[in-house]
file protein_31.txt (compact mmCIF, C-alpha atoms and all ligand atoms)
# COMPACT_ATOMS: atom_id res chain seq x y z
CA MET U 1 -56.45 -179.24 -45.39
CA ILE U 2 -59.92 -180.38 -44.31
CA ALA U 3 -62.99 -178.12 -43.95
CA PHE U 4 -64.06 -177.41 -40.37
CA ASP U 5 -67.45 -179.18 -40.57
CA ASP U 6 -65.84 -182.21 -42.20
CA ALA U 7 -63.22 -182.38 -39.44
CA GLN U 8 -65.87 -182.27 -36.69
CA ALA U 9 -68.00 -184.85 -38.52
CA LEU U 10 -65.00 -187.14 -39.02
CA LEU U 11 -64.15 -186.96 -35.34
CA ALA U 12 -67.75 -187.78 -34.39
CA ARG U 13 -67.76 -190.72 -36.82
CA VAL U 14 -64.52 -192.41 -35.78
CA VAL U 15 -64.85 -192.04 -31.99
CA SER U 16 -66.95 -194.57 -30.06
CA PRO U 17 -68.15 -194.23 -26.48
CA LEU U 18 -66.12 -195.79 -23.67
CA GLY U 19 -67.49 -198.67 -21.59
CA ILE U 20 -70.36 -198.43 -19.12
CA GLU U 21 -70.45 -198.47 -15.32
CA ARG U 22 -73.28 -198.30 -12.81
CA ILE U 23 -72.91 -195.52 -10.24
CA ALA U 24 -74.92 -194.03 -7.40
CA LEU U 25 -76.96 -190.94 -8.25
CA GLU U 26 -74.97 -189.16 -5.56
CA GLU U 27 -71.86 -189.45 -7.77
CA ALA U 28 -73.55 -188.84 -11.11
CA GLU U 29 -73.39 -185.07 -11.61
CA GLY U 30 -71.95 -184.24 -15.03
CA ARG U 31 -71.98 -187.84 -16.25
CA PHE U 32 -73.67 -188.93 -19.47
CA LEU U 33 -76.46 -191.53 -19.38
CA ALA U 34 -75.66 -194.76 -21.19
CA GLU U 35 -79.29 -195.92 -20.99
CA PRO U 36 -82.56 -194.00 -21.07
CA LEU U 37 -84.06 -193.44 -17.64
CA HIS U 38 -87.68 -194.48 -17.05
CA ALA U 39 -90.08 -193.56 -14.26
CA ALA U 40 -90.93 -196.35 -11.83
CA PHE U 41 -94.42 -194.94 -11.20
CA ASP U 42 -96.77 -192.00 -11.82
CA SER U 43 -95.90 -188.69 -10.23
CA PRO U 44 -97.78 -187.73 -8.26
CA ARG U 45 -99.05 -191.21 -7.50
CA ALA U 46 -102.37 -189.94 -6.08
CA PRO U 47 -104.19 -186.59 -6.28
CA VAL U 48 -102.25 -184.26 -3.98
CA SER U 49 -102.78 -180.77 -2.66
CA ALA U 50 -100.82 -177.88 -4.20
CA MET U 51 -101.62 -175.58 -1.25
CA ASP U 52 -101.91 -175.47 2.50
CA GLY U 53 -105.68 -175.26 3.09
CA TYR U 54 -108.76 -177.46 3.23
CA ALA U 55 -109.77 -180.44 1.10
CA VAL U 56 -113.45 -180.34 0.22
CA CYS U 57 -116.12 -181.88 -2.03
CA ASP U 58 -116.51 -179.06 -4.54
CA ALA U 59 -120.14 -179.76 -5.46
CA ALA U 60 -121.18 -179.45 -1.79
CA THR U 61 -119.11 -176.35 -0.96
CA VAL U 62 -120.24 -172.72 -1.23
CA PRO U 63 -118.93 -169.51 0.30
CA GLY U 64 -120.20 -168.96 3.84
CA LEU U 65 -121.38 -172.55 4.39
CA PRO U 66 -119.75 -174.08 7.51
CA LEU U 67 -118.10 -177.49 7.01
CA ASP U 68 -117.03 -179.91 9.77
CA VAL U 69 -113.25 -180.33 9.89
CA VAL U 70 -112.84 -184.10 10.36
CA GLY U 71 -109.04 -184.43 10.42
CA ALA U 72 -105.75 -183.36 8.91
CA ALA U 73 -103.89 -184.75 5.88
CA PHE U 74 -100.08 -184.60 5.70
CA PRO U 75 -97.61 -185.40 2.87
CA GLY U 76 -96.50 -189.03 2.90
CA LYS U 77 -99.64 -190.31 4.65
CA CYS U 78 -102.88 -191.56 3.13
CA PHE U 79 -105.94 -190.07 4.85
CA PRO U 80 -107.69 -193.03 6.48
CA ALA U 81 -111.36 -192.42 5.58
CA PRO U 82 -113.40 -190.83 2.79
CA ILE U 83 -115.09 -187.50 3.40
CA ALA U 84 -118.68 -186.62 2.54
CA ALA U 85 -120.69 -183.49 1.73
CA GLY U 86 -120.56 -181.10 4.69
CA GLN U 87 -117.06 -182.17 5.69
CA ALA U 88 -113.58 -180.77 5.09
CA VAL U 89 -110.06 -181.94 5.96
CA ARG U 90 -107.20 -179.64 6.95
CA ILE U 91 -104.58 -180.38 4.30
CA TYR U 92 -100.94 -179.40 3.67
CA THR U 93 -99.03 -178.94 0.41
CA GLY U 94 -98.11 -182.31 -1.11
CA ALA U 95 -100.56 -184.36 0.99
CA PRO U 96 -102.77 -186.91 -0.80
CA LEU U 97 -106.40 -185.80 -0.97
CA PRO U 98 -108.83 -187.82 1.15
CA ALA U 99 -111.17 -190.00 -0.93
CA GLY U 100 -114.31 -188.00 -1.78
CA ALA U 101 -112.46 -184.67 -1.86
CA ASP U 102 -111.75 -183.10 -5.25
CA ARG U 103 -110.72 -179.55 -4.43
CA VAL U 104 -108.44 -177.66 -2.07
CA ILE U 105 -109.27 -174.17 -0.86
CA ALA U 106 -106.24 -172.18 0.26
CA GLN U 107 -106.22 -171.29 3.96
CA GLU U 108 -106.11 -167.57 3.10
CA HIS U 109 -109.79 -167.90 2.15
CA ALA U 110 -110.78 -169.89 5.26
CA THR U 111 -112.13 -168.87 8.67
CA ARG U 112 -111.84 -171.49 11.41
CA SER U 113 -114.11 -171.63 14.43
CA ALA U 114 -114.07 -174.59 16.80
CA GLY U 115 -114.42 -177.71 14.64
CA GLN U 116 -115.71 -175.90 11.58
CA VAL U 117 -114.44 -173.91 8.62
CA THR U 118 -116.15 -171.45 6.25
CA PHE U 119 -114.78 -169.91 3.07
CA ASP U 120 -115.01 -166.42 1.65
CA ALA U 121 -116.46 -165.71 -1.80
CA ASP U 122 -113.05 -165.36 -3.51
CA TYR U 123 -111.65 -168.89 -3.15
CA GLY U 124 -111.97 -169.70 -6.86
CA PRO U 125 -111.07 -170.38 -9.55
CA GLY U 126 -108.06 -172.64 -8.66
CA TRP U 127 -108.71 -176.21 -7.56
CA HIS U 128 -105.13 -176.61 -6.25
CA VAL U 129 -105.02 -180.34 -6.95
CA ARG U 130 -102.18 -182.07 -8.77
CA THR U 131 -103.71 -185.04 -10.56
CA PRO U 132 -101.98 -188.46 -10.67
CA GLY U 133 -99.37 -188.60 -13.45
CA SER U 134 -99.63 -184.85 -14.10
CA ASP U 135 -95.83 -184.53 -13.76
CA PHE U 136 -94.96 -187.88 -15.39
CA THR U 137 -96.45 -191.31 -15.84
CA GLY U 138 -95.00 -194.67 -14.81
CA GLY U 139 -92.81 -196.16 -17.53
CA ALA U 140 -92.31 -192.81 -19.29
CA CYS U 141 -88.81 -192.05 -20.55
CA LEU U 142 -87.75 -189.02 -18.50
CA LEU U 143 -84.10 -188.74 -19.56
CA GLU U 144 -82.76 -189.80 -22.94
CA LYS U 145 -79.67 -191.90 -23.43
CA GLY U 146 -76.67 -189.62 -24.00
CA LEU U 147 -78.05 -186.81 -21.84
CA ARG U 148 -75.66 -185.12 -19.42
CA LEU U 149 -76.80 -185.22 -15.81
CA THR U 150 -77.20 -181.59 -14.80
CA PRO U 151 -78.37 -180.65 -11.30
CA GLY U 152 -81.90 -180.40 -12.73
CA ALA U 153 -81.65 -183.83 -14.39
CA LEU U 154 -80.54 -185.32 -11.05
CA VAL U 155 -83.79 -184.07 -9.52
CA THR U 156 -85.73 -185.70 -12.36
CA ALA U 157 -83.84 -188.99 -11.95
CA ALA U 158 -84.34 -189.14 -8.19
CA SER U 159 -88.02 -188.23 -8.53
CA ALA U 160 -88.37 -191.29 -10.78
CA ASP U 161 -87.24 -193.40 -7.77
CA VAL U 162 -83.91 -194.22 -9.37
CA SER U 163 -80.88 -194.70 -7.06
CA HIS U 164 -78.23 -195.77 -9.58
CA VAL U 165 -77.61 -194.91 -13.23
CA ASP U 166 -75.66 -196.48 -16.08
CA VAL U 167 -73.11 -194.00 -17.40
CA HIS U 168 -70.09 -194.16 -19.67
CA HIS U 169 -66.64 -194.12 -18.08
CA ARG U 170 -64.97 -190.76 -17.67
CA PRO U 171 -62.18 -190.37 -20.22
CA VAL U 172 -58.70 -190.18 -18.74
CA VAL U 173 -56.76 -187.31 -20.30
CA ALA U 174 -53.01 -186.84 -20.40
CA MET U 175 -51.62 -183.47 -21.40
CA ILE U 176 -48.15 -182.60 -22.66
CA ALA U 177 -47.30 -178.92 -23.13
CA THR U 178 -44.33 -178.54 -25.47
CA GLY U 179 -41.92 -175.65 -25.98
CA ASP U 180 -38.37 -174.79 -24.83
CA GLU U 181 -39.63 -171.36 -23.78
CA LEU U 182 -42.30 -172.60 -21.37
CA VAL U 183 -41.89 -172.31 -17.63
CA SER U 184 -44.19 -172.67 -14.68
CA PRO U 185 -46.29 -169.53 -14.05
CA GLY U 186 -44.66 -167.52 -11.28
CA THR U 187 -41.12 -168.26 -12.45
CA ALA U 188 -40.90 -166.44 -15.79
CA ALA U 189 -40.06 -162.92 -14.58
CA ALA U 190 -36.53 -163.95 -13.61
CA LEU U 191 -35.83 -165.53 -17.01
CA PRO U 192 -35.68 -162.90 -19.80
CA CYS U 193 -37.04 -164.98 -22.73
CA ALA U 194 -39.21 -167.45 -20.85
CA ILE U 195 -42.97 -167.62 -21.34
CA PRO U 196 -45.37 -168.80 -18.64
CA ASP U 197 -47.13 -171.97 -19.74
CA SER U 198 -50.65 -170.58 -19.67
CA LEU U 199 -52.71 -172.66 -22.00
CA SER U 200 -52.26 -175.98 -20.24
CA TYR U 201 -54.23 -174.51 -17.33
CA GLY U 202 -57.14 -173.63 -19.60
CA VAL U 203 -57.10 -176.89 -21.52
CA ARG U 204 -56.96 -179.06 -18.40
CA ALA U 205 -59.77 -177.07 -16.80
CA LEU U 206 -61.86 -177.41 -19.97
CA ALA U 207 -61.23 -181.16 -19.97
CA ARG U 208 -62.23 -181.54 -16.32
CA ARG U 209 -65.31 -179.42 -16.80
CA ASN U 210 -66.32 -181.75 -19.62
CA GLY U 211 -66.09 -184.95 -17.62
CA ALA U 212 -62.43 -185.92 -18.07
CA LEU U 213 -60.04 -187.08 -15.37
CA VAL U 214 -56.71 -185.38 -16.03
CA LYS U 215 -54.21 -187.87 -14.62
CA PHE U 216 -50.96 -187.04 -16.36
CA PHE U 217 -49.27 -183.75 -17.17
CA ARG U 218 -45.79 -182.91 -18.45
CA ARG U 219 -44.28 -179.63 -19.57
CA LEU U 220 -41.34 -180.41 -21.82
CA GLY U 221 -38.83 -178.67 -24.09
CA ASP U 222 -38.44 -179.34 -27.78
CA ASP U 223 -36.38 -182.52 -27.49
CA VAL U 224 -37.96 -185.17 -29.66
CA VAL U 225 -36.41 -188.09 -27.76
CA ALA U 226 -37.71 -186.88 -24.39
CA LEU U 227 -41.05 -185.98 -26.00
CA ALA U 228 -41.39 -189.45 -27.54
CA ALA U 229 -40.71 -191.02 -24.14
CA ALA U 230 -43.37 -188.82 -22.52
CA ALA U 231 -45.78 -189.67 -25.35
CA GLY U 232 -45.28 -193.38 -24.60
CA GLU U 233 -45.97 -192.82 -20.90
CA ALA U 234 -49.03 -190.69 -21.64
CA LEU U 235 -50.44 -193.31 -24.03
CA GLU U 236 -50.16 -195.90 -21.25
CA HIS U 237 -52.16 -193.78 -18.83
CA ALA U 238 -54.86 -192.14 -20.90
CA ASP U 239 -57.76 -192.51 -23.32
CA VAL U 240 -56.89 -189.13 -24.80
CA VAL U 241 -53.50 -187.45 -25.04
CA VAL U 242 -53.55 -183.70 -25.69
CA ILE U 243 -50.39 -182.03 -26.98
CA SER U 244 -50.05 -178.28 -27.13
CA GLY U 245 -47.60 -176.46 -29.38
CA GLY U 246 -45.19 -177.81 -31.93
CA ALA U 247 -48.03 -178.33 -34.40
CA SER U 248 -46.80 -176.04 -37.12
CA VAL U 249 -43.95 -176.23 -39.62
CA GLY U 250 -41.00 -174.94 -37.53
CA ASP U 251 -37.78 -176.96 -37.21
CA ARG U 252 -38.62 -177.68 -33.60
CA ASP U 253 -42.28 -178.57 -34.07
CA PHE U 254 -42.23 -182.13 -32.74
CA ALA U 255 -45.84 -182.74 -31.70
CA LYS U 256 -46.46 -185.30 -34.45
CA PRO U 257 -42.92 -186.75 -34.70
CA MET U 258 -43.00 -187.57 -30.96
CA PHE U 259 -45.83 -190.03 -31.70
CA THR U 260 -44.22 -191.58 -34.78
CA PRO U 261 -42.47 -194.34 -32.76
CA HIS U 262 -45.89 -195.14 -31.29
CA GLY U 263 -47.52 -195.73 -34.66
CA LEU U 264 -49.41 -192.44 -35.04
CA GLU U 265 -52.17 -192.60 -37.66
CA LEU U 266 -53.65 -189.22 -38.48
CA VAL U 267 -57.41 -188.81 -38.76
CA PHE U 268 -57.01 -185.22 -39.90
CA ASP U 269 -54.15 -182.76 -40.05
CA LYS U 270 -54.71 -179.03 -40.56
CA VAL U 271 -58.21 -177.61 -40.67
CA ALA U 272 -59.35 -174.69 -42.82
CA MET U 273 -60.12 -172.51 -39.83
CA GLN U 274 -58.77 -169.37 -38.25
CA PRO U 275 -57.46 -169.50 -35.62
CA GLY U 276 -56.40 -173.10 -35.21
CA LYS U 277 -55.29 -174.19 -38.66
CA PRO U 278 -52.49 -176.48 -37.35
CA VAL U 279 -54.87 -178.57 -35.18
CA TRP U 280 -54.54 -182.30 -35.79
CA PHE U 281 -56.16 -185.50 -34.56
CA GLY U 282 -55.01 -189.08 -34.67
CA ARG U 283 -54.70 -192.49 -33.10
CA ALA U 284 -51.69 -194.15 -31.53
CA ARG U 285 -51.63 -197.40 -29.54
CA ASP U 286 -55.44 -197.43 -29.53
CA ARG U 287 -55.59 -194.02 -27.85
CA TRP U 288 -56.80 -190.73 -29.25
CA VAL U 289 -54.24 -187.97 -29.73
CA LEU U 290 -55.25 -184.33 -30.23
CA GLY U 291 -52.66 -181.76 -31.20
CA LEU U 292 -53.52 -178.16 -30.35
CA PRO U 293 -51.67 -175.16 -31.80
CA GLY U 294 -49.39 -173.33 -29.40
CA ASN U 295 -50.94 -169.91 -29.77
CA PRO U 296 -53.15 -169.72 -26.66
CA THR U 297 -56.31 -168.38 -28.28
CA ALA U 298 -55.95 -170.86 -31.15
CA ALA U 299 -55.51 -173.64 -28.57
CA MET U 300 -58.60 -172.65 -26.56
CA VAL U 301 -60.73 -172.32 -29.71
CA THR U 302 -59.66 -175.72 -31.04
CA ALA U 303 -60.04 -177.31 -27.60
CA ARG U 304 -63.60 -175.95 -27.52
CA LEU U 305 -64.37 -177.21 -31.02
CA PHE U 306 -62.56 -180.58 -30.99
CA LEU U 307 -61.58 -181.60 -27.46
CA ILE U 308 -65.06 -181.05 -25.99
CA PRO U 309 -66.82 -183.00 -28.79
CA LEU U 310 -64.22 -185.76 -28.40
CA LEU U 311 -64.74 -186.01 -24.62
CA HIS U 312 -68.51 -185.87 -24.98
CA LYS U 313 -68.54 -188.55 -27.68
CA LEU U 314 -66.35 -190.82 -25.51
CA GLN U 315 -68.95 -190.37 -22.77
CA GLY U 316 -71.81 -191.30 -25.07
CA ARG U 317 -73.32 -187.90 -25.84
CA THR U 318 -75.67 -188.50 -28.75
CA VAL U 319 -76.37 -184.97 -29.94
CA PRO U 320 -73.63 -182.75 -31.41
CA ALA U 321 -71.51 -181.14 -28.70
CA THR U 322 -71.40 -177.83 -30.57
CA GLU U 323 -74.77 -176.14 -30.99
CA TRP U 324 -74.88 -173.00 -33.08
CA ARG U 325 -77.44 -170.32 -32.27
CA ARG U 326 -78.40 -167.32 -34.36
CA LEU U 327 -77.71 -164.14 -32.39
CA PRO U 328 -77.35 -160.45 -33.32
CA LEU U 329 -74.04 -158.65 -33.60
CA ALA U 330 -73.39 -155.66 -31.33
CA ALA U 331 -70.82 -154.27 -33.79
CA SER U 332 -69.96 -154.67 -37.46
CA LEU U 333 -67.55 -157.34 -38.75
CA PRO U 334 -65.27 -157.25 -41.80
CA ALA U 335 -65.32 -159.74 -44.69
CA VAL U 336 -63.79 -163.20 -44.17
CA GLY U 337 -60.78 -164.76 -45.93
CA THR U 338 -60.48 -168.29 -47.25
CA ARG U 339 -60.71 -170.12 -43.91
CA GLU U 340 -63.73 -170.54 -41.63
CA LEU U 341 -63.33 -167.73 -39.12
CA PHE U 342 -64.06 -168.03 -35.40
CA VAL U 343 -64.49 -164.63 -33.83
CA ARG U 344 -64.17 -164.38 -30.07
CA ALA U 345 -66.96 -162.26 -28.58
CA GLN U 346 -68.68 -161.19 -25.43
CA TRP U 347 -72.42 -161.24 -24.86
CA ARG U 348 -73.89 -157.77 -24.22
CA PRO U 349 -77.55 -156.76 -23.88
CA GLU U 350 -77.50 -155.51 -27.50
CA GLY U 351 -75.83 -158.65 -28.88
CA LEU U 352 -72.41 -160.22 -29.46
CA LEU U 353 -69.52 -157.79 -29.19
CA PRO U 354 -66.35 -159.06 -30.91
CA ALA U 355 -63.25 -158.79 -28.70
CA THR U 356 -60.96 -155.91 -29.63
CA SER U 357 -58.03 -158.30 -30.15
CA GLN U 358 -58.58 -161.19 -32.53
CA ASP U 359 -54.88 -162.17 -32.44
CA SER U 360 -54.59 -165.95 -32.09
CA GLY U 361 -51.76 -165.41 -29.59
CA ALA U 362 -53.88 -163.13 -27.39
CA GLN U 363 -54.33 -164.17 -23.78
CA SER U 364 -55.82 -161.21 -21.92
CA VAL U 365 -59.12 -161.32 -23.85
CA LEU U 366 -59.68 -164.97 -22.97
CA ALA U 367 -60.92 -163.92 -19.54
CA GLN U 368 -63.61 -161.77 -21.15
CA VAL U 369 -64.97 -163.70 -24.11
CA ASP U 370 -67.81 -166.15 -23.65
CA TRP U 371 -69.03 -166.75 -27.23
CA LEU U 372 -67.48 -167.93 -30.45
CA ILE U 373 -68.97 -166.53 -33.65
CA ARG U 374 -68.62 -168.72 -36.70
CA ARG U 375 -68.23 -167.06 -40.10
CA PRO U 376 -68.13 -169.04 -43.36
CA PRO U 377 -65.10 -168.70 -45.65
CA ARG U 378 -65.34 -165.79 -48.12
CA SER U 379 -68.47 -164.33 -46.50
CA GLY U 380 -68.95 -160.58 -46.78
CA SER U 381 -68.84 -157.87 -44.14
CA LEU U 382 -71.71 -157.67 -41.65
CA ALA U 383 -73.41 -154.66 -40.10
CA LYS U 384 -74.29 -154.25 -36.43
CA GLY U 385 -77.55 -156.12 -35.76
CA ALA U 386 -76.93 -158.82 -38.40
CA LEU U 387 -77.57 -162.38 -37.22
CA VAL U 388 -74.57 -164.67 -36.86
CA GLU U 389 -74.09 -168.26 -35.75
CA ALA U 390 -72.48 -168.52 -32.32
CA THR U 391 -71.76 -171.07 -29.62
CA PRO U 392 -70.71 -170.56 -25.99
CA ILE U 393 -66.95 -170.95 -25.61
N1 LIG L 401 -44.58 -170.54 -41.63
C1 LIG L 401 -45.65 -170.79 -40.89
N2 LIG L 401 -45.64 -170.40 -39.62
C2 LIG L 401 -46.71 -170.62 -38.85
C3 LIG L 401 -47.85 -171.26 -39.40
C4 LIG L 401 -47.81 -171.69 -40.73
O1 LIG L 401 -48.77 -172.25 -41.27
N3 LIG L 401 -46.67 -171.42 -41.42
N4 LIG L 401 -48.93 -171.41 -38.60
C5 LIG L 401 -49.12 -170.43 -37.57
C6 LIG L 401 -50.24 -170.76 -36.76
S1 LIG L 401 -51.73 -170.62 -37.47
C7 LIG L 401 -50.12 -171.12 -35.47
S2 LIG L 401 -51.49 -171.35 -34.51
C8 LIG L 401 -48.84 -171.28 -34.82
C9 LIG L 401 -48.87 -172.58 -34.01
O2 LIG L 401 -47.72 -173.21 -34.07
P1 LIG L 401 -47.29 -174.35 -33.05
O3 LIG L 401 -48.40 -175.22 -32.68
O4 LIG L 401 -46.10 -174.97 -33.64
O5 LIG L 401 -46.96 -173.54 -31.75
P2 LIG L 401 -45.58 -173.09 -31.17
O6 LIG L 401 -44.69 -172.63 -32.26
O7 LIG L 401 -45.09 -174.17 -30.29
O8 LIG L 401 -46.04 -171.86 -30.31
C10 LIG L 401 -46.65 -170.76 -30.88
C11 LIG L 401 -46.73 -169.64 -29.85
O9 LIG L 401 -47.51 -170.07 -28.75
C12 LIG L 401 -46.77 -169.98 -27.55
N5 LIG L 401 -47.12 -171.12 -26.68
C13 LIG L 401 -46.95 -172.40 -26.99
N6 LIG L 401 -47.36 -173.17 -25.97
C14 LIG L 401 -47.79 -172.34 -25.01
C15 LIG L 401 -48.30 -172.54 -23.70
N7 LIG L 401 -48.47 -173.76 -23.19
N8 LIG L 401 -48.63 -171.46 -22.97
C16 LIG L 401 -48.44 -170.21 -23.48
N9 LIG L 401 -47.96 -169.97 -24.72
C17 LIG L 401 -47.61 -171.01 -25.46
C18 LIG L 401 -45.35 -170.06 -27.98
O10 LIG L 401 -44.47 -169.52 -27.04
C19 LIG L 401 -45.38 -169.28 -29.27
O11 LIG L 401 -45.34 -167.90 -29.00
O12 LIG L 401 -47.79 -171.29 -35.77
C20 LIG L 401 -47.88 -170.21 -36.73
N10 LIG L 401 -46.71 -170.21 -37.54
O1 LIG L 402 -54.45 -170.01 -36.79
MO1 LIG L 402 -53.13 -169.90 -35.77
O2 LIG L 402 -54.17 -170.95 -35.14
O3 LIG L 402 -53.35 -168.26 -36.21
O4 LIG L 402 -52.96 -169.15 -34.32
call {"tool": "encode", "arguments": {"input": "protein_31.txt", "output": "structure tokens"}}
result
Amino acid sequence: MIAFDDAQALLARVVSPLGIERIALEEAEGRFLAEPLHAAFDSPRAPVSAMDGYAVCDAATVPGLPLDVVGAAFPGKCFPAPIAAGQAVRIYTGAPLPAGADRVIAQEHATRSAGQVTFDADYGPGWHVRTPGSDFTGGACLLEKGLRLTPGALVTAASADVSHVDVHHRPVVAMIATGDELVSPGTAAALPCAIPDSLSYGVRALARRNGALVKFFRRLGDDVVALAAAAGEALEHADVVVISGGASVGDRDFAKPMFTPHGLELVFDKVAMQPGKPVWFGRARDRWVLGLPGNPTAAMVTARLFLIPLLHKLQGRTVPATEWRRLPLAASLPAVGTRELFVRAQWRPEGLLPATSQDSGAQSVLAQVDWLIRRPPRSGSLAKGALVEATPI
């Protein structure tokens, strides 16, 4: 059995990013940059107004002194002529300042009469001018390689005058849910011992949310011949094959044997963690294979801790996909056994509240929990308010 940190580190070490493609910014949300993104020019490129008001020469402007309004400046247009002492230009937010002007006075402090403007005594202290390069300078690296393109990052990229980005391919995921008892949700009530296949919905959603294209899905009983055939098909279609269930030591646990004819080589098998001990990771026919335990909470925890890092690494993420933060507990926690313990919790104003059920087969609490608390093996009990390491689930 491998320690949790070692298993995550091993996965990060053996997995390399997929190839690179160039795509339009329009299509790039959620993708990971394969190259750093640099600004084509300064932003703003010229001094621009931060307010609707009047551009003036500060040294020649005092409250109550009328100035001649000699034109209007709009965003996207350069004002044609310089202004001099005694003059002002009507200006709008984002417009380049006319040459000679160095300050903008907001229109709330202005009184217009005919072709002139005067200002009240309260127009200071703001100058309301954004200086060239005050946001970013030409050539500056605005987005690092490996960064995921969030809606905010797309704004940054477009503002740098970039239309296309180099990103890693999206990993294609195949999922096989195993278990004789599993049936499609909506059909179990009529079959006394059937169980709705629930976890494949969560795992596939998690994969999609983390950049994967889920292109293959089978729900199969515990028949190793049929499972091996499905494994072969999945390996043809996907970069990553995820298997749920059949990971433990039961007579019908075929998750690994179904890949034996395909040359499965294990990277790790069994991790000293709770829940999720039976999780395993390997390689077959040059594809990655991740085996998740059947218990739904154990499957979602291990998908969070291994599938997401795997998908992110394939897409070129350069920083660890699991970031632990120190946050206070909203209730006490008992001492930990010999395995790293992952406690499912909910964020409350007073801190992290552990879910009432910590059963690895629990399903109803999965809709409520949003954080995973990590507790080292053999650590002692903790009081309410103690700081723990946690990551969003
Ligand atoms: N003697 C031992 N027994 C078990 C061990 C062990 O070390 N020794 N490990 C336990 C742990 S830990 C886990 S976790 C489970 C996982 O075992 P499997 O991966 O083989 O899972 P299954 O037996 O196939 O299923 C377990 C449980 O989960 C339900 N399940 C499975 N798939 C789904 C699905 N897609 N949707 C909803 N529910 C699912 C299944 O019906 C079972 O109830 O083994 C322990 N046993
Ligand atoms: O650890 Mo198992 O993963 O208890 O459900």
call {"tool": "closest_atom_pairs", "arguments": {"input": "protein_31.txt", "of": "chain U", "to": "ligand LIG 402 (chain L)", "cutoff": "8 Å", "atoms": "all atoms listed in the file", "output": "tab-separated table"}}
result
residue	atom	partner	partner_atom	distance
U:Met273	CA	L:LIG402	O1	6.9
U:Gln274	CA	L:LIG402	O1	4.6
U:Pro275	CA	L:LIG402	O1	3.3
U:Gly276	CA	L:LIG402	O2	3.1
U:Lys277	CA	L:LIG402	O1	4.7
U:Pro278	CA	L:LIG402	O2	6.2
U:Val279	CA	L:LIG402	O2	7.7
U:Pro293	CA	L:LIG402	O2	5.9
U:Gly294	CA	L:LIG402	O4	7.4
U:Asn295	CA	L:LIG402	O4	5.0
U:Pro296	CA	L:LIG402	O4	7.7
U:Thr297	CA	L:LIG402	O4	6.9
U:Ala298	CA	L:LIG402	O2	4.4
U:Ala299	CA	L:LIG402	O2	7.2
U:Asp359	CA	L:LIG402	O3	7.3
U:Ser360	CA	L:LIG402	O4	4.2
U:Gly361	CA	L:LIG402	O4	6.1
call {"tool": "axis_aligned_box", "arguments": {"input": "protein_31.txt", "around": "range 41-44 of chain U", "padding_each_side": "3 Å", "output": "lines of an AutoDock Vina configuration file"}}
result
center_x = -96.1
center_y = -191.3
center_z = -10.0
size_x = 9.4
size_y = 13.2
size_z = 9.6
call {"tool": "atom_distance", "arguments": {"input": "protein_31.txt", "atom1": "CA of Phe342 in chain U", "atom2": "CA of Leu213 in chain U"}}
result
27.9 Å
call {"tool": "closest_residue", "arguments": {"input": "protein_31.txt", "among": "U:Arg219, U:Arg344, U:His164, U:Arg374", "to": "ligand LIG 401 (chain L)", "atoms": "all atoms listed in the file"}}
result
U:Arg219
call {"tool": "residues_around", "arguments": {"input": "protein_31.txt", "residues": "Pro196 in chain U", "least_positions_apart": "4", "cutoff": "7 Å", "atoms": "all atoms listed in the file", "output": "ChimeraX atom specification"}}
result
/U:182-185,188
call {"tool": "build_atoms", "arguments": {"input": "protein_31.txt", "residues": "range 245-254 of chain U", "atoms": "N, CA and C atoms", "output": "compact mmCIF listing (two decimals), in the frame of the given file"}}
result
# COMPACT_ATOMS: atom_id res chain seq x y z
N GLY U 245 -48.79 -177.02 -28.75
CA GLY U 245 -47.60 -176.46 -29.38
C GLY U 245 -46.95 -177.44 -30.33
N GLY U 246 -45.94 -176.94 -31.02
CA GLY U 246 -45.19 -177.81 -31.93
C GLY U 246 -46.01 -178.40 -33.06
N ALA U 247 -47.13 -177.76 -33.39
CA ALA U 247 -48.03 -178.33 -34.40
C ALA U 247 -47.75 -177.80 -35.78
N SER U 248 -46.96 -176.73 -35.84
CA SER U 248 -46.80 -176.04 -37.12
C SER U 248 -45.60 -176.61 -37.90
N VAL U 249 -44.95 -175.75 -38.68
CA VAL U 249 -43.95 -176.23 -39.62
C VAL U 249 -42.52 -175.84 -39.22
N GLY U 250 -42.34 -175.34 -37.98
CA GLY U 250 -41.00 -174.94 -37.53
C GLY U 250 -40.08 -176.15 -37.37
N ASP U 251 -38.75 -175.86 -37.33
CA ASP U 251 -37.78 -176.96 -37.21
C ASP U 251 -37.90 -177.68 -35.88
N ARG U 252 -38.50 -177.03 -34.90
CA ARG U 252 -38.62 -177.68 -33.60
C ARG U 252 -40.07 -178.01 -33.28
N ASP U 253 -40.88 -178.20 -34.29
CA ASP U 253 -42.28 -178.57 -34.07
C ASP U 253 -42.38 -180.09 -34.08
N PHE U 254 -42.36 -180.67 -32.87
CA PHE U 254 -42.23 -182.13 -32.74
C PHE U 254 -43.51 -182.83 -32.28
